[in-house]
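A.B. asks: The structure under discussion is supplied below as structure tokens; questions concerning it will follow.
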Amino acid sequence: MSVPNLAHNSVLIEMLNDRFEYRDVGLLDTTHIHFFSEQSLLNLVRNTGLYVARRLDPIQWVTHTEFKSSYDGLPRAVVKYLKARKNGEVYQFVWELKLLPLPLPSASNPAVAGTDSRSS
């Protein structure tokens, strides 16, 4: 699956400059229904019974995105913070997902095996 990273530094810089404009392509593509950060996407994946088997998250520097953003003009402390963020330059999350294995049936939990102890 490939999902844009809403927490990319270029989006944050745009927002710091009071801009949030949808576009025809890219992170704020008008076809995107939902937006995710890494943590919110991980929560969605886990809540659907999947896990991330492999990640190929491409890096895209702020100056090389559709926003043509720059750290210029931002306070030094903000630039330092943004550049230190784990996923600040991850453009999108490209993950291979797999189903979590089902628990093995046990005598204490017959419903897992697909049987109901009340039926005879």
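Labels used: A, B, ... for chains in the order of the structure tokens, numbers from 1 for residues in each chain, and numbers from 1 for ligands as shown.
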For range 85-94 of chain A, find every residue with an atom within 6 Å (counting only C-alpha atoms), except residues of its own chain fewer than 5 positions away, and show them as a list in words.

C.D. replies: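 So the residues in contact are Met1, Ser2, Val3, Pro4, Asn5, His8, Asn9, Arg55, Leu56, Asp57, Pro58, Ile59, Gln60 and Trp61 of chain A.
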
A.B. asks: Please identify which residues in range 2-109 of chain A DSSP calls strand (DSSP E or B) from the backbone, and express them as number ranges by chain.

C.D. replies: A: 2-5, 23, 29, 36, 50-55, 59, 90, 92-99, 106, 109

A.B. asks: Can I get the selection written as a short mmCIF file (atom, residue, chain, number, x, y, z; two decimals), in the first residue's frame, with N, CA and C atoms?

C.D. replies:
data_model
loop_
_atom_site.label_atom_id
_atom_site.label_comp_id
_atom_site.auth_asym_id
_atom_site.auth_seq_id
_atom_site.Cartn_x
_atom_site.Cartn_y
_atom_site.Cartn_z
N SER A 2 0.41 2.28 -0.60
CA SER A 2 1.16 3.53 -0.66
C SER A 2 0.24 4.66 -0.17
N VAL A 3 0.67 5.32 0.92
CA VAL A 3 -0.15 6.36 1.54
C VAL A 3 0.72 7.59 1.78
N PRO A 4 0.25 8.76 1.36
CA PRO A 4 1.04 9.98 1.57
C PRO A 4 1.19 10.31 3.05
N ASN A 5 2.34 10.87 3.39
CA ASN A 5 2.64 11.25 4.77
C ASN A 5 2.22 12.70 4.99
N ARG A 23 -4.21 19.87 -4.25
CA ARG A 23 -3.56 19.96 -5.56
C ARG A 23 -4.02 18.80 -6.43
N ASP A 29 -3.17 15.65 -2.80
CA ASP A 29 -3.93 15.32 -4.00
C ASP A 29 -5.43 15.34 -3.67
N PHE A 36 -2.96 10.65 6.77
CA PHE A 36 -2.38 9.89 7.87
C PHE A 36 -0.96 10.37 8.16
N LEU A 50 -4.05 -6.53 10.49
CA LEU A 50 -2.90 -6.64 9.60
C LEU A 50 -1.63 -6.22 10.35
N TYR A 51 -0.49 -6.50 9.73
CA TYR A 51 0.77 -5.98 10.25
C TYR A 51 1.65 -5.59 9.08
N VAL A 52 2.62 -4.73 9.35
CA VAL A 52 3.54 -4.28 8.31
C VAL A 52 4.65 -5.30 8.18
N ALA A 53 4.69 -5.97 7.04
CA ALA A 53 5.71 -6.99 6.80
C ALA A 53 6.98 -6.39 6.21
N ARG A 54 6.82 -5.30 5.45
CA ARG A 54 7.98 -4.66 4.81
C ARG A 54 7.66 -3.20 4.54
N ARG A 55 8.69 -2.37 4.68
CA ARG A 55 8.53 -0.92 4.45
C ARG A 55 9.56 -0.45 3.43
N ILE A 59 12.16 8.81 0.66
CA ILE A 59 12.51 10.12 1.20
C ILE A 59 12.39 11.15 0.09
N VAL A 90 9.99 11.67 5.03
CA VAL A 90 9.35 10.50 4.38
C VAL A 90 8.15 11.02 3.61
N GLN A 92 6.01 9.32 1.47
CA GLN A 92 4.83 8.46 1.58
C GLN A 92 5.24 7.16 2.26
N PHE A 93 4.26 6.49 2.80
CA PHE A 93 4.50 5.21 3.44
C PHE A 93 4.15 4.12 2.42
N VAL A 94 5.15 3.35 2.04
CA VAL A 94 4.95 2.26 1.09
C VAL A 94 5.19 0.98 1.87
N TRP A 95 4.10 0.32 2.21
CA TRP A 95 4.15 -0.84 3.10
C TRP A 95 3.54 -2.07 2.45
N GLU A 96 4.19 -3.19 2.70
CA GLU A 96 3.59 -4.48 2.37
C GLU A 96 2.90 -4.97 3.64
N LEU A 97 1.61 -5.21 3.55
CA LEU A 97 0.82 -5.65 4.70
C LEU A 97 0.48 -7.12 4.59
N LYS A 98 0.39 -7.77 5.74
CA LYS A 98 -0.02 -9.17 5.79
C LYS A 98 -1.02 -9.35 6.92
N LEU A 99 -1.81 -10.39 6.81
CA LEU A 99 -2.77 -10.72 7.87
C LEU A 99 -2.05 -11.24 9.09
N SER A 106 -8.30 -23.57 21.33
CA SER A 106 -7.95 -24.21 22.59
C SER A 106 -9.22 -24.64 23.28
N ASN A 109 -11.12 -21.82 24.81
CA ASN A 109 -11.70 -20.85 23.91
C ASN A 109 -12.20 -21.55 22.64
#

A.B. asks: Quick one: of A:Ala7, A:Tyr71, A:Phe20, A:Leu82, who's nearest to Ser40 in chain A, counting only C-alpha atoms?

C.D. replies: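 Among the listed residues, A:Ala7 lies closest to Ser40 in chain A.
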
A.B. asks: Between CA of Leu28 in chain A and CA of Gly49 in chain A, what distance in Å does the model show, to one decimal?

C.D. replies: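 Pair CA of Leu28 in chain A / CA of Gly49 in chain A returns 27.6 Å.
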
A.B. asks: Which value, in Å to one decimal, gives the distance between CA of Gly26 in chain A and CA of Ala77 in chain A?

C.D. replies: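 If I compute the distance from CA of Gly26 in chain A to CA of Ala77 in chain A, I get 27.6 Å.
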
A.B. asks: Report, in Å to a single decimal, how far apart CA of Ser69 in chain A and CA of Glu21 in chain A are.

C.D. replies: 13.3 Å

A.B. asks: Go through A:Asn17, A:Ser10, A:Thr30, A:Thr65 one by one, measure the shortest atom-to-atom distance of each to Lys83 in chain A using only C-alpha atoms, and give the residue with the smallest value.

C.D. replies: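 Between A:Asn17, A:Ser10, A:Thr30, A:Thr65, the residue approaching Lys83 in chain A most closely is A:Ser10.
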
A.B. asks: Would you mind writing down, as a list of chain:residue names, each residue of range 37-85 of chain A that DSSP on the backbone assigns to helix (DSSP H, G or I)?

C.D. replies: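 Selecting the helix (DSSP H, G or I) positions of range 37-85 of chain A gives A:Glu38, A:Gln39, A:Ser40, A:Leu41, A:Leu42, A:Asn43, A:Leu44, A:Val45, A:Arg46, A:Asn47, A:Val62, A:Thr63, A:His64, A:Arg76, A:Ala77, A:Val78, A:Val79, A:Lys80, A:Tyr81, A:Leu82, A:Lys83, A:Ala84.
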
A.B. asks: Given the choices A:Leu6, A:Thr63, A:Ile13, A:Leu104, which gets closest to Leu27 in chain A if the distance is worked out from only C-alpha atoms?

C.D. replies: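 That would be A:Leu6, the residue with the smallest distance to Leu27 in chain A.
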